[in-house]
Each structure stands twice: as structure tokens, then as C-alpha cells.
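See below for run26.tsv, which holds TSV, C-alpha atoms.
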chain	number	residue	atom	x	y	z
G	91	MET	CA	108.62	98.93	110.74
G	92	LYS	CA	107.50	96.10	108.44
G	93	VAL	CA	108.86	96.36	104.91
G	94	LYS	CA	107.48	94.33	102.01
G	95	VAL	CA	109.19	94.43	98.60
G	96	PHE	CA	107.61	93.27	95.34
G	97	THR	CA	110.34	92.27	92.89
G	98	ILE	CA	111.35	89.70	90.28
G	99	PHE	CA	114.78	89.48	91.94
G	100	PRO	CA	114.12	88.75	95.64
G	101	GLU	CA	117.66	87.43	96.04
G	102	ILE	CA	118.94	91.02	95.78
G	103	PHE	CA	117.53	91.77	99.24
G	104	PRO	CA	118.53	92.68	101.88
G	105	GLY	CA	121.76	93.43	99.98
G	106	PHE	CA	123.81	96.13	101.67
G	107	LEU	CA	120.92	96.68	104.07
G	108	GLY	CA	122.06	93.49	105.79
G	109	TYR	CA	125.30	95.15	106.91
G	110	SER	CA	126.38	97.84	109.37
G	111	LEU	CA	123.70	99.68	111.33
G	112	THR	CA	120.78	98.69	109.10
G	113	GLY	CA	121.82	95.03	109.25
G	114	LYS	CA	122.16	95.14	113.03
G	115	ALA	CA	118.74	96.78	113.28
G	116	LEU	CA	117.30	94.01	111.09
G	117	ASP	CA	118.79	91.34	113.36
G	118	GLU	CA	117.42	93.13	116.41
G	119	GLY	CA	113.92	93.33	114.95
G	120	LYS	CA	113.79	97.11	114.68
G	121	TRP	CA	112.57	96.55	111.13
G	122	SER	CA	111.56	93.43	109.19
G	123	LEU	CA	111.83	92.51	105.53
G	124	GLU	CA	109.62	90.32	103.36
G	125	THR	CA	110.14	89.89	99.63
G	126	VAL	CA	107.42	88.84	97.20
G	127	ASN	CA	108.57	87.27	93.94
G	128	ILE	CA	106.28	88.65	91.25
G	129	ARG	CA	107.16	85.73	88.97
G	130	ASP	CA	105.38	83.39	91.39
G	131	TYR	CA	102.14	84.84	90.01
G	132	ALA	CA	102.96	84.31	86.35
G	133	THR	CA	100.53	82.17	84.37
G	134	ASP	CA	102.88	80.44	81.94
G	135	LYS	CA	105.70	77.94	82.35
G	136	HIS	CA	108.32	80.59	81.54
G	137	GLY	CA	107.33	82.84	84.43
G	138	SER	CA	106.65	85.77	82.10
G	139	VAL	CA	105.69	89.03	83.79
G	140	ASP	CA	105.91	91.47	80.87
G	141	ASP	CA	104.58	92.12	77.38
G	142	THR	CA	105.03	94.61	74.55
G	143	PRO	CA	103.64	98.15	75.08
G	144	CYS	CA	100.26	98.93	73.58
G	145	GLY	CA	100.63	101.49	70.81
G	146	GLY	CA	104.11	100.29	69.95
G	147	GLY	CA	107.51	101.37	71.17
G	148	ALA	CA	110.69	99.86	72.50
G	149	GLY	CA	111.01	97.65	75.54
G	150	MET	CA	108.51	95.68	77.58
G	151	VAL	CA	105.93	96.59	80.22
G	152	MET	CA	105.09	94.69	83.41
G	153	ARG	CA	101.65	93.13	83.03
G	154	PRO	CA	98.80	94.33	85.26
G	155	ASP	CA	97.30	90.87	85.77
G	156	ILE	CA	100.56	89.38	87.07
G	157	LEU	CA	101.61	92.28	89.31
G	158	GLY	CA	98.00	92.83	90.34
G	159	SER	CA	97.72	89.21	91.51
G	160	ALA	CA	100.91	89.60	93.56
G	161	LEU	CA	99.55	92.73	95.19
G	162	HIS	CA	96.08	91.32	95.86
G	163	ALA	CA	97.64	88.30	97.57
G	164	ASN	CA	100.27	90.12	99.65
G	165	TYR	CA	99.54	93.82	100.08
G	166	ASN	CA	97.91	94.46	103.44
G	167	GLY	CA	97.61	98.23	103.48
G	168	GLY	CA	99.91	101.05	104.42
G	169	ARG	CA	102.13	103.20	102.21
G	170	LEU	CA	102.60	101.57	98.78
G	171	ILE	CA	105.48	103.03	96.75
G	172	TYR	CA	106.67	102.40	93.22
G	173	MET	CA	110.29	103.37	92.56
G	174	SER	CA	109.99	105.38	89.37
G	175	PRO	CA	112.11	108.04	87.61
G	176	ARG	CA	108.93	110.08	87.06
G	177	GLY	CA	108.01	110.02	90.76
G	178	LYS	CA	108.28	112.83	93.27
G	179	PRO	CA	111.84	113.38	94.53
G	180	LEU	CA	113.03	111.51	97.60
G	181	THR	CA	113.83	114.30	100.04
G	182	GLN	CA	114.87	114.20	103.68
G	183	SER	CA	111.42	115.49	104.55
G	184	LEU	CA	109.80	112.53	102.79
G	185	VAL	CA	112.29	110.17	104.44
G	186	HIS	CA	111.12	111.40	107.85
G	187	GLU	CA	107.51	110.80	106.78
G	188	LEU	CA	108.24	107.23	105.74
G	189	ALA	CA	110.18	106.53	108.93
G	190	ARG	CA	106.97	107.14	110.87
G	191	GLU	CA	105.09	104.42	108.96
G	192	ASP	CA	104.38	101.03	110.54
G	193	ASN	CA	104.08	99.29	107.17
G	194	LEU	CA	105.90	100.15	103.97
G	195	SER	CA	105.42	98.27	100.69
G	196	ILE	CA	107.64	98.90	97.67
G	197	ILE	CA	107.20	97.85	94.04
G	198	CYS	CA	110.45	97.43	92.11
G	199	GLY	CA	109.83	97.83	88.42
G	200	ARG	CA	111.88	96.54	85.49
G	201	PHE	CA	111.76	96.95	81.71
G	202	GLU	CA	109.92	100.12	80.57
G	203	GLY	CA	107.83	100.28	83.71
G	204	ILE	CA	104.52	98.84	84.85
G	205	ASP	CA	101.00	99.08	83.47
G	206	GLN	CA	99.36	102.34	84.55
G	207	ARG	CA	96.19	100.51	85.56
G	208	VAL	CA	97.99	98.91	88.50
G	209	LEU	CA	99.14	102.31	89.74
G	210	ASP	CA	95.60	103.64	89.48
G	211	ALA	CA	93.90	100.61	91.02
G	212	PHE	CA	96.12	100.51	94.11
G	213	ASN	CA	96.65	104.26	94.43
G	214	VAL	CA	100.39	103.72	94.21
G	215	GLU	CA	102.74	106.53	95.21
G	216	GLU	CA	105.65	107.08	92.80
G	217	VAL	CA	109.03	108.11	94.22
G	218	SER	CA	112.29	108.90	92.44
G	219	ILE	CA	115.80	108.94	93.93
G	220	GLY	CA	117.16	111.17	91.15
G	221	ASP	CA	117.00	112.36	87.58
G	222	TYR	CA	118.61	109.32	85.98
G	223	ILE	CA	117.63	105.81	84.87
G	224	LEU	CA	118.62	102.53	86.55
G	225	THR	CA	118.20	98.98	85.28
G	226	GLY	CA	115.60	98.32	87.95
G	227	GLY	CA	113.87	99.60	91.05
G	228	GLU	CA	115.69	97.30	93.47
G	229	GLN	CA	118.72	99.57	93.74
G	230	ALA	CA	116.54	102.62	94.27
G	231	ALA	CA	114.45	100.81	96.89
G	232	GLN	CA	117.53	99.89	98.90
G	233	ILE	CA	118.80	103.47	98.83
G	234	MET	CA	115.43	104.77	100.01
G	235	LEU	CA	115.23	102.14	102.74
G	236	ASP	CA	118.73	102.93	103.96
G	237	ALA	CA	117.74	106.58	104.39
G	238	VAL	CA	114.52	105.59	106.19
G	239	ILE	CA	115.81	102.82	108.47
G	240	ARG	CA	118.62	104.90	109.95
G	241	LEU	CA	115.96	107.27	111.32
G	242	LEU	CA	114.06	104.53	113.15
G	243	PRO	CA	114.31	104.72	116.97
G	244	GLY	CA	117.38	102.97	118.30
G	245	VAL	CA	119.10	102.40	114.96
G	246	LEU	CA	121.72	105.13	115.33
G	247	GLY	CA	123.80	104.96	118.47
G	248	ASN	CA	123.48	108.71	118.97
G	249	ALA	CA	120.14	110.23	118.00
G	250	ASP	CA	121.82	113.64	117.76
G	251	SER	CA	123.88	112.36	114.82
G	252	VAL	CA	121.20	113.38	112.32
G	253	VAL	CA	120.65	116.90	113.63
G	254	ASP	CA	123.47	118.63	111.73
G	255	GLU	CA	123.47	116.45	108.62
G	256	SER	CA	122.95	117.81	105.13
G	257	PHE	CA	119.31	118.63	104.34
G	258	GLU	CA	118.13	118.32	107.97
G	259	ASN	CA	118.11	122.09	108.48
G	260	GLY	CA	117.80	123.06	104.83
G	261	LEU	CA	121.56	123.46	104.27
G	262	LEU	CA	124.45	121.22	103.30
G	263	GLU	CA	126.60	120.02	106.17
G	264	HIS	CA	129.66	121.93	107.35
G	265	PRO	CA	133.18	120.42	106.98
G	266	GLN	CA	134.18	117.76	109.50
G	267	TYR	CA	137.64	117.18	111.05
G	268	THR	CA	139.25	114.72	113.45
G	269	ARG	CA	142.71	113.74	114.71
G	270	PRO	CA	145.56	114.03	113.89
G	271	ILE	CA	145.46	117.81	114.20
G	272	GLU	CA	148.25	118.12	111.61
G	273	TRP	CA	148.20	116.00	108.45
G	274	GLU	CA	150.43	116.46	105.40
G	275	GLY	CA	150.84	120.17	106.09
G	276	ARG	CA	147.13	120.74	106.67
G	277	SER	CA	145.71	121.70	110.06
G	278	VAL	CA	142.33	121.49	111.74
G	279	PRO	CA	140.86	125.03	111.89
G	280	ASP	CA	141.84	126.71	115.17
G	281	ILE	CA	138.24	127.60	115.98
G	282	LEU	CA	137.37	123.91	116.37
G	283	LEU	CA	140.09	123.53	119.00
G	284	SER	CA	139.07	126.61	120.97
G	285	GLY	CA	136.48	124.96	123.16
G	286	HIS	CA	134.19	127.97	122.61
G	287	HIS	CA	130.97	126.24	121.60
G	288	GLN	CA	129.10	129.37	120.56
G	289	ASN	CA	131.89	130.45	118.21
G	290	ILE	CA	132.19	126.92	116.85
G	291	ALA	CA	128.43	126.82	116.13
G	292	LYS	CA	128.69	130.17	114.36
G	293	TRP	CA	131.66	128.97	112.27
G	294	ARG	CA	129.84	125.79	111.27
G	295	LYS	CA	126.72	127.72	110.27
G	296	GLU	CA	128.81	130.08	108.13
G	297	ARG	CA	130.60	127.19	106.43
G	298	SER	CA	127.24	125.46	105.78
G	299	LEU	CA	125.91	128.60	104.11
G	300	GLU	CA	129.09	128.97	102.07
G	301	ILE	CA	129.13	125.35	100.87
G	302	THR	CA	125.41	125.39	100.06
G	303	LYS	CA	125.88	128.58	98.04
G	304	GLN	CA	128.73	126.96	96.06
G	305	GLN	CA	127.26	123.49	95.58
G	306	ARG	CA	123.48	123.94	95.70
G	307	PRO	CA	122.37	127.54	95.10
G	308	ASP	CA	118.84	126.24	94.55
G	309	LEU	CA	118.84	124.77	98.05
G	310	LEU	CA	120.22	127.98	99.52
G	311	GLN	CA	117.41	130.00	97.92
G	312	LYS	CA	114.81	127.68	99.45
G	313	TYR	CA	116.49	128.07	102.82
G	314	LEU	CA	116.57	131.87	102.58
G	315	ASP	CA	112.93	131.94	101.51
G	316	SER	CA	111.97	129.76	104.49
G	317	GLN	CA	113.82	132.11	106.85
G	318	LYS	CA	111.81	135.05	105.51
G	319	VAL	CA	108.60	133.18	106.19
I'd like the structure from this file rewritten - as C-alpha cells, please.
Amino acid sequence: MKVKVFTIFPEIFPGFLGYSLTGKALDEGKWSLETVNIRDYATDKHGSVDDTPCGGGAGMVMRPDILGSALHANYNGGRLIYMSPRGKPLTQSLVHELAREDNLSIICGRFEGIDQRVLDAFNVEEVSIGDYILTGGEQAAQIMLDAVIRLLPGVLGNADSVVDESFENGLLEHPQYTRPIEWEGRSVPDILLSGHHQNIAKWRKERSLEITKQQRPDLLQKYLDSQKV
């Protein structure tokens, strides 16, 4: 996968993506990263990329001529995403979609956002990582990329690692345990030591349902509805 990021802070990348499994995958060429500094397309000596919003209001807006020039010069097709709090939610289903892309371009906004005309002209897809506001899109882009890159072929040592994770089957993940069997008066559930794989699978499914009901009743309802279908 080829990833291209449009940002005014290219030095932020690859950030934590340069470590652990994603960093190893980057070194091995399983994905590549190119950053485009939007300020390189500014037209004044100060490298300005923003201006006051038309109609008044607080903050500044990224100019369409500057960002548009950066996109015209560097965007070569493929999925083009703008990290935006008003975008569609980043779900595991969408992550799987993006992991199948050969080229992924991401716009990292700052200030109050970017001029709507850029979004319209380039048919930009808006994606949100949650219902909260960050200082910029760079952090959100890295989180999205982390979720996507780990699904690329060969990145995880064991491809089965993702099968039972939260959201993969519509439920939150069951509790996990490891050695020592006894720790500070707490024991690993006997069922997990039984060696009876069918009973263990049943126990894990029950715990997943229980945890999802407690933590994410909305998610449980979606799961139950899907089972009816």
C-alpha cells in the first residue's frame, strides 16, 4: 500500500507508525509513506495556508488555492480522505475496506477546517475517529493508518490474531489471561485450563456477549439484529 499524507507538519510522520509491527512493515516495504508539505504551495513569504472564514466567525480556514495546488501536483488517484470530526465513523468494516486499497491519500486539516470547495472538487471522503475535537488531523490519520496497516498481508505474525478481536464479529472481545495461573489471589478461570476447546469457545462467546451488553448495548443490539437477518 502506498500512503500519501498532505499536512503542514510533515515532521510528525511516521511518528509511532515507525515503531513495532507497523514500523517493521514500513522497513520491509509492505507499505510506503510520502508526506506533502502544504506550505510548500503557499504564495507569500510567510508560508500562509489559511485565512479568515467568509461570513465571519472564530478561527481560520485552510485556503482552497493553496491546498488545491498541493493536491493537483501530488494526488494521483485512489481513495482520498480528509480526517474530519463531521466525517463518517471509522469502523472496523471501513478499516478492512481501506486495507484493500493500493493507494491511500490523507488530508490532515488544521484550524477550523478546509474550504468546502476543495472537498467538492476532489470528491474527498470525510472520516472521523470519534466524537471529539483534536488540534489537527495528523493524530487522527496516524490512528486510522495503524488500524489499516496491521491488516495488510504479512504485517501480523499470526493472521488469526484479528479473528477474535473486538468489532471483528460484531462483539467486544472476551477477557484474556496468561501465566502465572495464580496472581495476587486471583486465578485463571478453570474452563481455560480444561483443554476442552468447544467449551472454551462457548465460554468466550458468552463473556463477549456479557461485556458487550455492559459496555456497548448499542453494539449488542446491532449484533442481535444481524443475527436475526
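With CA of Ser122 in chain G on one side and CA of Asn193 in chain G on the other, the separation reads 9.7 Å.
Note that CA of Val238 in chain G and CA of Leu314 in chain G are 26.6 Å apart.
Taking CA of Gly167 in chain G and CA of Asp192 in chain G as the two end points, the separation is 10.2 Å.
Proximity ranking of G:Lys303, G:Arg207, G:Lys92, G:Arg269 relative to Asn166 in chain G places G:Lys92 first, based on only C-alpha atoms.
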Inset, instruction - Go through G:Ile223, G:Leu116, G:Cys198, G:Ile281 one by one, measure the shortest atom-to-atom distance of each to Ile128 in chain G using only C-alpha atoms, and give the residue with the smallest value. - result: G:Cys198
